[in-house]
file structure_14.cif (mmCIF, C-alpha atoms)
data_coords
loop_
_atom_site.label_atom_id
_atom_site.label_comp_id
_atom_site.auth_asym_id
_atom_site.auth_seq_id
_atom_site.Cartn_x
_atom_site.Cartn_y
_atom_site.Cartn_z
CA MET G 298 42.07 -14.53 65.68
CA LYS G 299 38.60 -15.50 66.93
CA PHE G 300 37.78 -11.82 67.40
CA GLN G 301 38.89 -11.04 63.80
CA LYS G 302 36.66 -13.82 62.37
CA THR G 303 33.71 -12.49 64.34
CA LEU G 304 34.37 -8.95 63.10
CA ILE G 305 34.52 -10.16 59.49
CA LEU G 306 31.20 -12.02 59.83
CA VAL G 307 29.53 -8.98 61.38
CA SER G 308 30.83 -6.78 58.57
CA LEU G 309 29.50 -9.18 55.94
CA PHE G 310 26.11 -9.29 57.63
CA ILE G 311 25.88 -5.48 57.71
CA ALA G 312 26.87 -5.26 54.02
CA ILE G 313 24.19 -7.77 53.00
CA ALA G 314 21.56 -5.98 55.09
CA VAL G 315 22.41 -2.65 53.47
CA ALA G 316 22.20 -4.20 49.98
CA VAL G 317 18.80 -5.75 50.68
CA ALA G 318 17.48 -2.51 52.10
CA ALA G 319 18.69 -0.60 49.03
CA CYS G 320 16.94 -3.03 46.64
CA GLY G 321 13.70 -2.77 48.54
CA SER G 322 13.61 1.03 48.69
CA PRO G 323 12.05 3.17 45.94
CA ASP G 324 14.40 5.06 43.68
CA GLU G 325 14.64 8.58 45.05
CA THR G 326 15.18 9.95 41.53
CA SER G 327 11.84 8.68 40.17
CA THR G 328 8.29 9.36 41.27
CA PRO G 329 5.90 6.40 41.11
CA VAL G 330 2.70 7.03 39.13
CA PRO G 331 -0.30 6.75 41.45
CA ALA G 332 -2.92 4.23 40.34
CA SER G 333 -5.60 6.89 40.42
CA SER G 334 -3.91 8.78 37.59
CA VAL G 335 -4.60 6.00 35.11
CA ALA G 336 -7.87 4.68 36.43
CA ALA G 337 -10.91 4.87 34.16
CA PRO G 338 -12.84 8.07 34.91
CA THR G 339 -16.25 7.86 36.48
CA ALA G 340 -19.14 10.25 36.46
CA SER G 341 -18.25 11.44 39.98
CA GLN G 342 -14.68 12.32 39.01
CA ALA G 343 -13.53 15.53 37.42
CA THR G 344 -14.06 15.27 33.66
CA PRO G 345 -10.77 14.91 31.80
CA THR G 346 -10.29 16.14 28.28
CA MET G 347 -9.90 13.62 25.52
CA GLY G 348 -6.25 14.55 25.21
CA GLN G 349 -5.62 14.00 28.91
CA GLY G 350 -7.25 10.61 28.86
CA GLN G 351 -5.45 9.57 25.70
CA GLN G 352 -2.08 10.74 26.97
CA GLU G 353 -2.52 8.81 30.22
CA LYS G 354 -3.58 5.70 28.39
CA HIS G 355 -0.84 6.01 25.81
CA GLY G 356 1.74 6.45 28.52
CA ASN G 357 0.69 3.31 30.41
CA GLU G 358 -0.22 0.89 27.64
CA GLN G 359 1.52 -0.42 24.56
CA HIS G 360 -0.18 0.68 21.35
CA HIS G 361 0.11 -0.89 17.96
CA GLY G 362 -0.26 0.49 14.47
CA GLN G 363 1.20 3.08 12.22
CA GLY G 364 -0.08 6.16 10.48
CA MET G 365 -3.58 7.60 10.53
CA GLY G 366 -5.40 4.30 10.49
CA GLY G 367 -2.94 2.00 12.25
CA PRO G 368 -1.92 -1.26 10.61
CA PRO G 369 -4.07 -2.42 7.69
CA GLU G 370 -5.61 -5.21 9.74
CA GLY G 371 -6.48 -2.67 12.46
CA MET G 372 -8.26 -0.40 9.99
CA ARG G 373 -10.13 -3.32 8.50
CA GLU G 374 -11.04 -4.60 11.95
CA ARG G 375 -12.56 -1.26 12.90
CA HIS G 376 -14.44 -0.84 9.62
CA SER G 377 -15.85 -4.36 9.60
CA ALA G 378 -16.61 -4.71 13.32
CA PRO G 379 -20.27 -5.46 14.02
CA ILE G 380 -22.10 -2.89 16.09
CA PRO G 381 -22.87 -4.34 19.55
CA ALA G 382 -26.50 -5.17 20.27
CA ASP G 383 -26.80 -2.35 22.83
CA TYR G 384 -26.05 0.21 20.12
CA GLN G 385 -27.81 -1.28 17.12
CA GLY G 386 -30.64 0.77 15.71
CA LEU G 387 -29.76 4.02 17.46
CA ALA G 388 -30.75 7.20 15.63
CA ASP G 389 -29.74 10.74 16.48
CA PRO G 390 -32.70 12.24 18.37
CA VAL G 391 -31.12 15.69 18.70
CA PRO G 392 -31.74 18.14 15.84
CA ALA G 393 -28.52 19.61 14.49
CA ASP G 394 -29.74 23.15 15.12
CA GLU G 395 -27.79 26.16 16.34
CA GLU G 396 -28.30 25.22 19.98
CA SER G 397 -26.99 21.68 19.51
CA LEU G 398 -24.03 22.87 17.45
CA ALA G 399 -23.15 25.46 20.11
CA ARG G 400 -23.25 22.82 22.83
CA GLY G 401 -21.30 20.39 20.67
CA GLU G 402 -18.65 22.99 19.90
CA LYS G 403 -18.06 23.63 23.61
CA ILE G 404 -17.82 19.92 24.43
CA TYR G 405 -15.57 19.27 21.43
CA ALA G 406 -13.20 22.06 22.47
CA GLN G 407 -12.95 20.62 26.00
CA GLN G 408 -12.86 16.93 25.19
CA CYS G 409 -11.72 16.33 21.63
CA ALA G 410 -9.75 19.14 19.99
CA THR G 411 -6.48 18.50 21.81
CA CYS G 412 -6.13 15.17 19.97
CA HIS G 413 -8.41 15.42 16.93
CA GLY G 414 -7.56 19.06 16.20
CA ASP G 415 -9.77 22.13 16.06
CA GLY G 416 -11.02 21.15 12.61
CA GLY G 417 -11.42 17.45 13.37
CA MET G 418 -8.67 16.33 11.00
CA GLY G 419 -6.71 14.25 13.53
CA ASP G 420 -3.91 16.79 13.90
CA GLY G 421 -4.28 18.08 17.45
CA PRO G 422 -1.10 18.64 19.49
CA ALA G 423 -1.72 15.83 22.00
CA GLY G 424 -2.34 13.35 19.20
CA GLN G 425 1.05 13.75 17.57
CA SER G 426 2.67 11.02 19.66
CA LEU G 427 -0.27 8.61 19.61
CA ASP G 428 -0.04 5.43 17.57
CA PRO G 429 -2.45 4.89 15.88
CA ALA G 430 -2.98 8.59 15.33
CA PRO G 431 -6.38 10.13 16.08
CA ALA G 432 -8.90 9.72 13.27
CA PRO G 433 -9.82 12.66 11.02
CA ILE G 434 -13.32 12.55 12.44
CA ALA G 435 -14.64 15.55 10.50
CA HIS G 436 -14.04 13.48 7.35
CA THR G 437 -14.92 10.00 8.61
CA SER G 438 -18.10 11.15 10.35
CA GLN G 439 -19.58 11.91 6.94
CA MET G 440 -19.42 8.22 6.07
CA LEU G 441 -20.57 6.68 9.36
CA GLY G 442 -24.07 6.03 10.65
CA ASP G 443 -25.52 7.31 13.90
CA SER G 444 -25.36 4.00 15.73
CA TYR G 445 -21.75 3.33 14.71
CA LEU G 446 -20.55 6.79 15.80
CA PHE G 447 -22.44 6.68 19.09
CA TRP G 448 -20.94 3.25 19.84
CA ARG G 449 -17.35 4.26 19.08
CA ILE G 450 -17.53 7.45 21.15
CA SER G 451 -19.29 5.74 24.05
CA GLU G 452 -16.99 2.73 24.31
CA GLY G 453 -13.68 4.24 23.18
CA GLY G 454 -10.93 2.42 21.34
CA ALA G 455 -9.62 -0.23 23.74
CA GLN G 456 -11.17 -2.95 21.60
CA PHE G 457 -9.07 -1.77 18.66
CA ASN G 458 -5.85 -0.87 20.50
CA THR G 459 -6.31 2.86 20.10
CA ALA G 460 -5.95 5.48 22.84
CA MET G 461 -9.53 6.73 22.60
CA ILE G 462 -11.07 6.65 26.07
CA PRO G 463 -14.72 5.63 26.68
CA TYR G 464 -17.05 8.57 27.11
CA LYS G 465 -20.22 6.84 28.26
CA SER G 466 -19.39 7.66 31.89
CA ILE G 467 -18.19 11.18 31.10
CA LEU G 468 -20.77 12.59 28.69
CA SER G 469 -24.52 12.24 28.74
CA GLU G 470 -26.30 10.74 25.74
CA GLN G 471 -27.40 14.18 24.58
CA GLU G 472 -23.85 15.49 24.88
CA ILE G 473 -22.57 12.65 22.69
CA TRP G 474 -25.23 13.43 20.07
CA ASP G 475 -24.33 17.13 20.27
CA VAL G 476 -20.68 16.26 19.58
CA ILE G 477 -21.70 14.04 16.66
CA ASN G 478 -23.78 16.89 15.22
CA TYR G 479 -20.84 19.26 15.59
CA ILE G 480 -18.16 17.07 14.02
CA ARG G 481 -20.46 16.36 11.08
CA ALA G 482 -20.97 20.11 10.70
CA LEU G 483 -17.19 20.54 10.71
CA GLY G 484 -16.85 17.95 7.95
CA SER G 485 -19.60 19.40 5.79
CA GLY G 486 -18.28 22.95 6.12
CA GLN G 487 -21.45 24.08 7.89
CA VAL G 488 -19.32 25.49 10.70
CA GLN G 489 -15.73 26.67 10.81
CA PRO G 490 -13.50 25.64 13.71
CA ARG G 491 -12.39 28.10 16.33
CA LYS G 492 -8.69 28.25 17.05
CA ASN G 493 -8.21 26.55 20.40
CA MET G 494 -5.67 23.73 20.27
CA GLY G 495 -4.47 23.94 16.68
CA GLY G 496 -5.13 21.89 13.58
CA GLU G 497 -6.46 22.44 10.08
CA ALA G 498 -10.05 22.70 8.95
CA MET G 499 -11.62 20.24 6.54
CA ASN G 500 -10.43 21.19 3.05
CA PRO G 501 -12.09 19.40 0.12
CA GLU G 502 -9.30 20.40 -2.27
CA ALA G 503 -6.63 19.07 0.09
CA GLU G 504 -8.64 15.87 0.54
CA ALA G 505 -8.86 15.42 -3.22
CA GLN G 506 -5.11 15.92 -3.57
CA MET G 507 -4.40 13.38 -0.82
CA HIS G 508 -6.67 10.91 -2.59
CA ALA G 509 -4.85 11.46 -5.88
CA ASP G 510 -1.49 11.06 -4.16
CA MET G 511 -2.68 7.80 -2.58
CA LEU G 512 -3.62 6.34 -5.96
CA ALA G 513 -0.36 7.54 -7.49
CA ALA G 514 1.55 5.80 -4.69
CA GLY G 515 -0.40 2.62 -5.37
CA VAL G 516 0.58 2.71 -9.03
CA GLU G 517 4.20 3.56 -8.26
CA GLN G 518 4.49 0.67 -5.83
CA GLY G 519 2.89 -1.76 -8.26
CA VAL G 520 -0.12 -2.43 -6.03
CA ILE G 521 -2.57 -1.29 -8.71
CA THR G 522 -2.34 -0.35 -12.38
CA GLN G 523 -3.06 3.09 -13.81
CA ASP G 524 -6.29 1.79 -15.34
CA GLU G 525 -7.34 0.51 -11.93
CA ALA G 526 -6.47 3.87 -10.35
CA ASP G 527 -8.64 5.64 -12.95
CA LEU G 528 -11.53 3.23 -12.33
CA PHE G 529 -11.21 3.65 -8.57
CA ALA G 530 -11.22 7.46 -8.85
CA ASP G 531 -14.29 7.41 -11.11
CA VAL G 532 -16.30 5.13 -8.82
CA HIS G 533 -15.13 7.07 -5.76
CA ASP G 534 -16.45 10.31 -7.29
CA LYS G 535 -19.82 8.63 -7.86
CA LEU G 536 -19.84 7.41 -4.27
CA ASP G 537 -19.15 10.96 -3.05
CA ALA G 538 -22.02 12.30 -5.16
CA TYR G 539 -24.34 9.59 -3.83
CA LYS G 540 -23.26 10.35 -0.28
CA THR G 541 -24.06 14.04 -0.72
CA THR G 542 -27.57 13.43 -2.05
CA HIS G 543 -28.43 10.67 0.45
CA MET G 544 -26.80 12.06 3.59
CA ASP G 545 -29.86 11.72 5.84
CA GLU G 546 -30.41 8.14 4.73
CA LEU G 547 -26.77 7.24 5.31
CA ARG G 548 -26.71 8.80 8.78
CA SER G 549 -29.48 6.44 9.81
CA PHE G 550 -27.65 3.46 8.31
CA MET G 551 -27.42 0.69 10.88
CA GLY G 552 -24.25 -1.07 9.74
CA ASN G 553 -20.50 -0.55 9.92
CA PRO G 554 -18.44 1.38 7.32
CA GLU G 555 -17.71 -1.73 5.26
CA GLU G 556 -21.41 -2.55 5.06
CA MET G 557 -22.25 1.07 4.23
CA GLN G 558 -19.77 1.11 1.33
CA LYS G 559 -21.26 -2.10 -0.05
CA SER G 560 -24.77 -0.68 0.28
CA MET G 561 -23.76 2.44 -1.64
CA LEU G 562 -22.07 0.42 -4.38
CA ASP G 563 -25.17 -1.78 -4.68
CA ALA G 564 -27.31 1.35 -5.03
CA LEU G 565 -25.08 2.69 -7.83
CA VAL G 566 -25.28 -0.65 -9.63
CA LYS G 567 -29.05 -0.66 -9.28
CA THR G 568 -29.37 2.81 -10.80
CA GLY G 569 -27.01 1.87 -13.64
CA GLU G 570 -24.34 4.42 -12.76
CA ILE G 571 -21.73 1.66 -12.47
CA THR G 572 -21.67 -2.01 -13.42
CA GLN G 573 -21.36 -4.90 -11.01
CA GLU G 574 -17.91 -5.56 -12.46
CA GLN G 575 -16.87 -2.01 -11.61
CA ALA G 576 -18.26 -2.35 -8.09
CA ASP G 577 -16.35 -5.60 -7.56
CA ALA G 578 -13.17 -4.09 -9.00
CA PHE G 579 -13.50 -1.04 -6.73
CA THR G 580 -13.78 -3.26 -3.65
CA ASP G 581 -10.78 -5.35 -4.74
CA ILE G 582 -8.64 -2.25 -5.38
CA HIS G 583 -9.75 -0.78 -2.05
CA ASP G 584 -8.70 -3.95 -0.23
CA ARG G 585 -5.31 -4.06 -1.92
CA LEU G 586 -4.59 -0.45 -1.04
CA VAL G 587 -5.55 -1.10 2.58
CA ASN G 588 -3.48 -4.28 2.79
CA ALA G 589 -0.47 -2.45 1.37
CA GLY G 590 -0.83 0.27 4.02
CA ILE G 591 -1.33 2.93 1.35
CA MET G 592 -4.93 3.70 2.20
CA GLN G 593 -5.15 4.82 5.83
#

call {"tool": "encode", "arguments": {"input": "structure_14.cif", "output": "structure tokens"}}
result
Amino acid sequence: MKFQKTLILVSLFIAIAVAVAACGSPDETSTPVPASSVAAPTASQATPTMGQGQQEKHGNEQHHGQGMGGPPEGMRERHSAPIPADYQGLADPVPADEESLARGEKIYAQQCATCHGDGGMGDGPAGQSLDPAPAPIAHTSQMLGDSYLFWRISEGGAQFNTAMIPYKSILSEQEIWDVINYIRALGSGQVQPRKNMGGEAMNPEAEAQMHADMLAAGVEQGVITQDEADLFADVHDKLDAYKTTHMDELRSFMGNPEEMQKSMLDALVKTGEITQEQADAFTDIHDRLVNAGIMQ
């Protein structure tokens, strides 16, 4: 009897030891991700592409937002964020000549196209699963100043819960300016994208149709009236015309996108092309469309 009790206790001890050992051992069916695979790249490390960095970050962090611009508050946060002191007042010192565009094209193909697409419209293959989706930088770069663009590329999107990695330790200052020159050239139609990763080129007609569809959705959902949609479209066309004729001035603008839009509206009021009431109504309609998630 005493022998049987001892045998039972020994058996129980062995069973417990086996269970503890099993809990403490790694699962043979899964491979742990090494810390080095998600560490921030440094200048001494091999340069990853933008898609690689974004995929790693997206796979190891929780991202928030929906659609092209993320949640409305995320879009507004990005567009109204003040430019940090270290980046205020920066102006592009690199002429957008053939040499710069050639360098920028090479860097863009290696670092950016996989997420932002060959044409810079946010439709690259690696960006399809990212949330928020990559920005259509060929389009947005036309409405952003030098200092704002240089800041966002240098520091990445961690501040705004996007998967954009910081490039200040990967690209030199000249390389960042070369990329800025190139994506602006993509947006203006000065250059046509090469087919590397996939994605559409900037298409003004398609952009106009998307804008019309956005306003129609706003009317259908009761966010704005048809009269407000017509007013918004009219003022928007005037803003586009102003942007085209004052491109150099706008590129040296030192504020964020929200401040740039206000500056442009103020200029149109000053020249008498729109009234102050129309400018205020445009801003109000813009805010309602953003808050409703219709404008991305």

call {"tool": "resolve_selection", "arguments": {"input": "structure_14.cif", "expression": "the PyMOL selection byres ((chain G and resi 475-486) around 6)", "output": "ChimeraX atom specification"}}
result
/G:393,397-398,401,435-436,438,472-474,487-488,499

call {"tool": "resolve_selection", "arguments": {"input": "structure_14.cif", "expression": "the PyMOL selection byres ((chain G and resi 562) around 12)", "output": "VMD selection string"}}
result
chain G and resid 532 to 540 555 to 561 563 to 580

call {"tool": "closest_residue", "arguments": {"input": "structure_14.cif", "among": "G:Met507, G:Ile404, G:Ala423, G:Ile434", "to": "Tyr464 (chain G)", "atoms": "only C-alpha atoms"}}
result
G:Ile404

call {"tool": "axis_aligned_box", "arguments": {"input": "structure_14.cif", "around": "region 461-469 of chain G", "padding_each_side": "6 Å", "output": "lines of an AutoDock Vina configuration file"}}
result
center_x = -17.0
center_y = 9.1
center_z = 27.2
size_x = 27.0
size_y = 19.0
size_z = 21.3

call {"tool": "residues_around", "arguments": {"input": "structure_14.cif", "residues": "His413 (chain G)", "least_positions_apart": "6", "cutoff": "7 Å", "atoms": "only C-alpha atoms", "output": "CSV table (one decimal) with C-alpha atoms, in the coordinates of the input"}}
result
chain,number,residue,atom,x,y,z
G,419,GLY,CA,-6.7,14.2,13.5
G,420,ASP,CA,-3.9,16.8,13.9
G,421,GLY,CA,-4.3,18.1,17.4
G,424,GLY,CA,-2.3,13.4,19.2
G,431,PRO,CA,-6.4,10.1,16.1
G,432,ALA,CA,-8.9,9.7,13.3
G,433,PRO,CA,-9.8,12.7,11.0

call {"tool": "atom_distance", "arguments": {"input": "structure_14.cif", "atom1": "CA of Asp531 (chain G)", "atom2": "CA of Ala430 (chain G)"}}
result
28.8 Å

call {"tool": "closest_residue", "arguments": {"input": "structure_14.cif", "among": "G:Arg585, G:Lys403, G:Arg375, G:Arg449", "to": "Thr522 (chain G)", "atoms": "only C-alpha atoms"}}
result
G:Arg585

call {"tool": "residues_around", "arguments": {"input": "structure_14.cif", "residues": "Ala509 (chain G)", "least_positions_apart": "2", "cutoff": "12 Å", "atoms": "all atoms listed in the file", "output": "PyMOL selection string"}}
result
chain G and resi 502-507+511-516+523+526-527+529-531+533-534+591-592

call {"tool": "closest_residue", "arguments": {"input": "structure_14.cif", "among": "G:Leu468, G:Gly386, G:Gln439, G:Asp428", "to": "Asp545 (chain G)", "atoms": "all atoms listed in the file"}}
result
G:Gln439

call {"tool": "residues_near_point", "arguments": {"input": "structure_14.cif", "point": "(-16.5, 3.0, 22.5)", "cutoff": "8 Å", "atoms": "only C-alpha atoms", "output": "ChimeraX atom specification"}}
result
/G:447-455,461-465

call {"tool": "atom_distance", "arguments": {"input": "structure_14.cif", "atom1": "CA of Ile380 (chain G)", "atom2": "CA of Ala460 (chain G)"}}
result
19.4 Å

call {"tool": "atom_distance", "arguments": {"input": "structure_14.cif", "atom1": "CA of Tyr384 (chain G)", "atom2": "CA of Asp581 (chain G)"}}
result
29.7 Å

call {"tool": "closest_residue", "arguments": {"input": "structure_14.cif", "among": "G:Asp584, G:Cys412, G:Thr437, G:Leu446", "to": "Val520 (chain G)", "atoms": "all atoms listed in the file"}}
result
G:Asp584

call {"tool": "resolve_selection", "arguments": {"input": "structure_14.cif", "expression": "the PyMOL selection byres ((chain G and resi 494) around 12)", "output": "list in words"}}
result
Thr346, Gly348, Tyr405, Ala406, Gln407, Gln408, Cys409, Ala410, Thr411, Cys412, His413, Gly414, Asp415, Gly416, Gly417, Gly419, Asp420, Gly421, Pro422, Ala423, Gly424, Pro490, Arg491, Lys492, Asn493, Gly495, Gly496 and Glu497 of chain G

call {"tool": "closest_residue", "arguments": {"input": "structure_14.cif", "among": "G:Glu546, G:Asp383, G:Asp389, G:Glu525", "to": "His583 (chain G)", "atoms": "all atoms listed in the file"}}
result
G:Glu525

call {"tool": "build_atoms", "arguments": {"input": "structure_14.cif", "residues": "region 510-530 of chain G", "atoms": "N, CA and C atoms", "output": "PDB file, keeping the file's coordinate frame"}}
result
ATOM      1  N   ASP G 510      -2.833  11.505  -4.546  1.00  0.00           N
ATOM      2  CA  ASP G 510      -1.490  11.060  -4.160  1.00  0.00           C
ATOM      3  C   ASP G 510      -1.500   9.598  -3.721  1.00  0.00           C
ATOM      4  N   MET G 511      -2.567   9.188  -3.025  1.00  0.00           N
ATOM      5  CA  MET G 511      -2.680   7.800  -2.580  1.00  0.00           C
ATOM      6  C   MET G 511      -2.728   6.858  -3.773  1.00  0.00           C
ATOM      7  N   LEU G 512      -3.524   7.193  -4.775  1.00  0.00           N
ATOM      8  CA  LEU G 512      -3.620   6.340  -5.960  1.00  0.00           C
ATOM      9  C   LEU G 512      -2.306   6.323  -6.728  1.00  0.00           C
ATOM     10  N   ALA G 513      -1.648   7.482  -6.806  1.00  0.00           N
ATOM     11  CA  ALA G 513      -0.360   7.540  -7.490  1.00  0.00           C
ATOM     12  C   ALA G 513       0.666   6.657  -6.783  1.00  0.00           C
ATOM     13  N   ALA G 514       0.631   6.655  -5.459  1.00  0.00           N
ATOM     14  CA  ALA G 514       1.550   5.800  -4.690  1.00  0.00           C
ATOM     15  C   ALA G 514       1.247   4.328  -4.959  1.00  0.00           C
ATOM     16  N   GLY G 515      -0.037   3.994  -5.077  1.00  0.00           N
ATOM     17  CA  GLY G 515      -0.400   2.620  -5.370  1.00  0.00           C
ATOM     18  C   GLY G 515       0.116   2.158  -6.715  1.00  0.00           C
ATOM     19  N   VAL G 516       0.060   3.041  -7.699  1.00  0.00           N
ATOM     20  CA  VAL G 516       0.580   2.710  -9.030  1.00  0.00           C
ATOM     21  C   VAL G 516       2.101   2.601  -8.992  1.00  0.00           C
ATOM     22  N   GLU G 517       2.742   3.545  -8.328  1.00  0.00           N
ATOM     23  CA  GLU G 517       4.200   3.560  -8.260  1.00  0.00           C
ATOM     24  C   GLU G 517       4.738   2.308  -7.567  1.00  0.00           C
ATOM     25  N   GLN G 518       4.037   1.848  -6.560  1.00  0.00           N
ATOM     26  CA  GLN G 518       4.490   0.670  -5.830  1.00  0.00           C
ATOM     27  C   GLN G 518       4.038  -0.643  -6.461  1.00  0.00           C
ATOM     28  N   GLY G 519       3.307  -0.558  -7.559  1.00  0.00           N
ATOM     29  CA  GLY G 519       2.890  -1.760  -8.260  1.00  0.00           C
ATOM     30  C   GLY G 519       1.721  -2.487  -7.607  1.00  0.00           C
ATOM     31  N   VAL G 520       1.024  -1.817  -6.693  1.00  0.00           N
ATOM     32  CA  VAL G 520      -0.120  -2.430  -6.030  1.00  0.00           C
ATOM     33  C   VAL G 520      -1.331  -2.452  -6.964  1.00  0.00           C
ATOM     34  N   ILE G 521      -1.488  -1.393  -7.743  1.00  0.00           N
ATOM     35  CA  ILE G 521      -2.570  -1.290  -8.710  1.00  0.00           C
ATOM     36  C   ILE G 521      -1.994  -0.741 -10.016  1.00  0.00           C
ATOM     37  N   THR G 522      -2.752  -0.907 -11.093  1.00  0.00           N
ATOM     38  CA  THR G 522      -2.340  -0.350 -12.380  1.00  0.00           C
ATOM     39  C   THR G 522      -2.951   1.044 -12.545  1.00  0.00           C
ATOM     40  N   GLN G 523      -2.506   1.764 -13.575  1.00  0.00           N
ATOM     41  CA  GLN G 523      -3.060   3.090 -13.810  1.00  0.00           C
ATOM     42  C   GLN G 523      -4.531   2.999 -14.204  1.00  0.00           C
ATOM     43  N   ASP G 524      -4.883   1.973 -14.977  1.00  0.00           N
ATOM     44  CA  ASP G 524      -6.290   1.790 -15.340  1.00  0.00           C
ATOM     45  C   ASP G 524      -7.138   1.539 -14.093  1.00  0.00           C
ATOM     46  N   GLU G 525      -6.611   0.763 -13.169  1.00  0.00           N
ATOM     47  CA  GLU G 525      -7.340   0.510 -11.930  1.00  0.00           C
ATOM     48  C   GLU G 525      -7.458   1.781 -11.089  1.00  0.00           C
ATOM     49  N   ALA G 526      -6.407   2.591 -11.084  1.00  0.00           N
ATOM     50  CA  ALA G 526      -6.470   3.870 -10.350  1.00  0.00           C
ATOM     51  C   ALA G 526      -7.545   4.770 -10.948  1.00  0.00           C
ATOM     52  N   ASP G 527      -7.627   4.804 -12.285  1.00  0.00           N
ATOM     53  CA  ASP G 527      -8.640   5.640 -12.950  1.00  0.00           C
ATOM     54  C   ASP G 527     -10.042   5.129 -12.634  1.00  0.00           C
ATOM     55  N   LEU G 528     -10.218   3.803 -12.658  1.00  0.00           N
ATOM     56  CA  LEU G 528     -11.530   3.230 -12.330  1.00  0.00           C
ATOM     57  C   LEU G 528     -11.907   3.550 -10.892  1.00  0.00           C
ATOM     58  N   PHE G 529     -10.950   3.391  -9.988  1.00  0.00           N
ATOM     59  CA  PHE G 529     -11.210   3.650  -8.570  1.00  0.00           C
ATOM     60  C   PHE G 529     -11.620   5.104  -8.370  1.00  0.00           C
ATOM     61  N   ALA G 530     -10.907   6.041  -9.006  1.00  0.00           N
ATOM     62  CA  ALA G 530     -11.220   7.460  -8.850  1.00  0.00           C
ATOM     63  C   ALA G 530     -12.609   7.777  -9.387  1.00  0.00           C
TER      64      ALA G 530
END
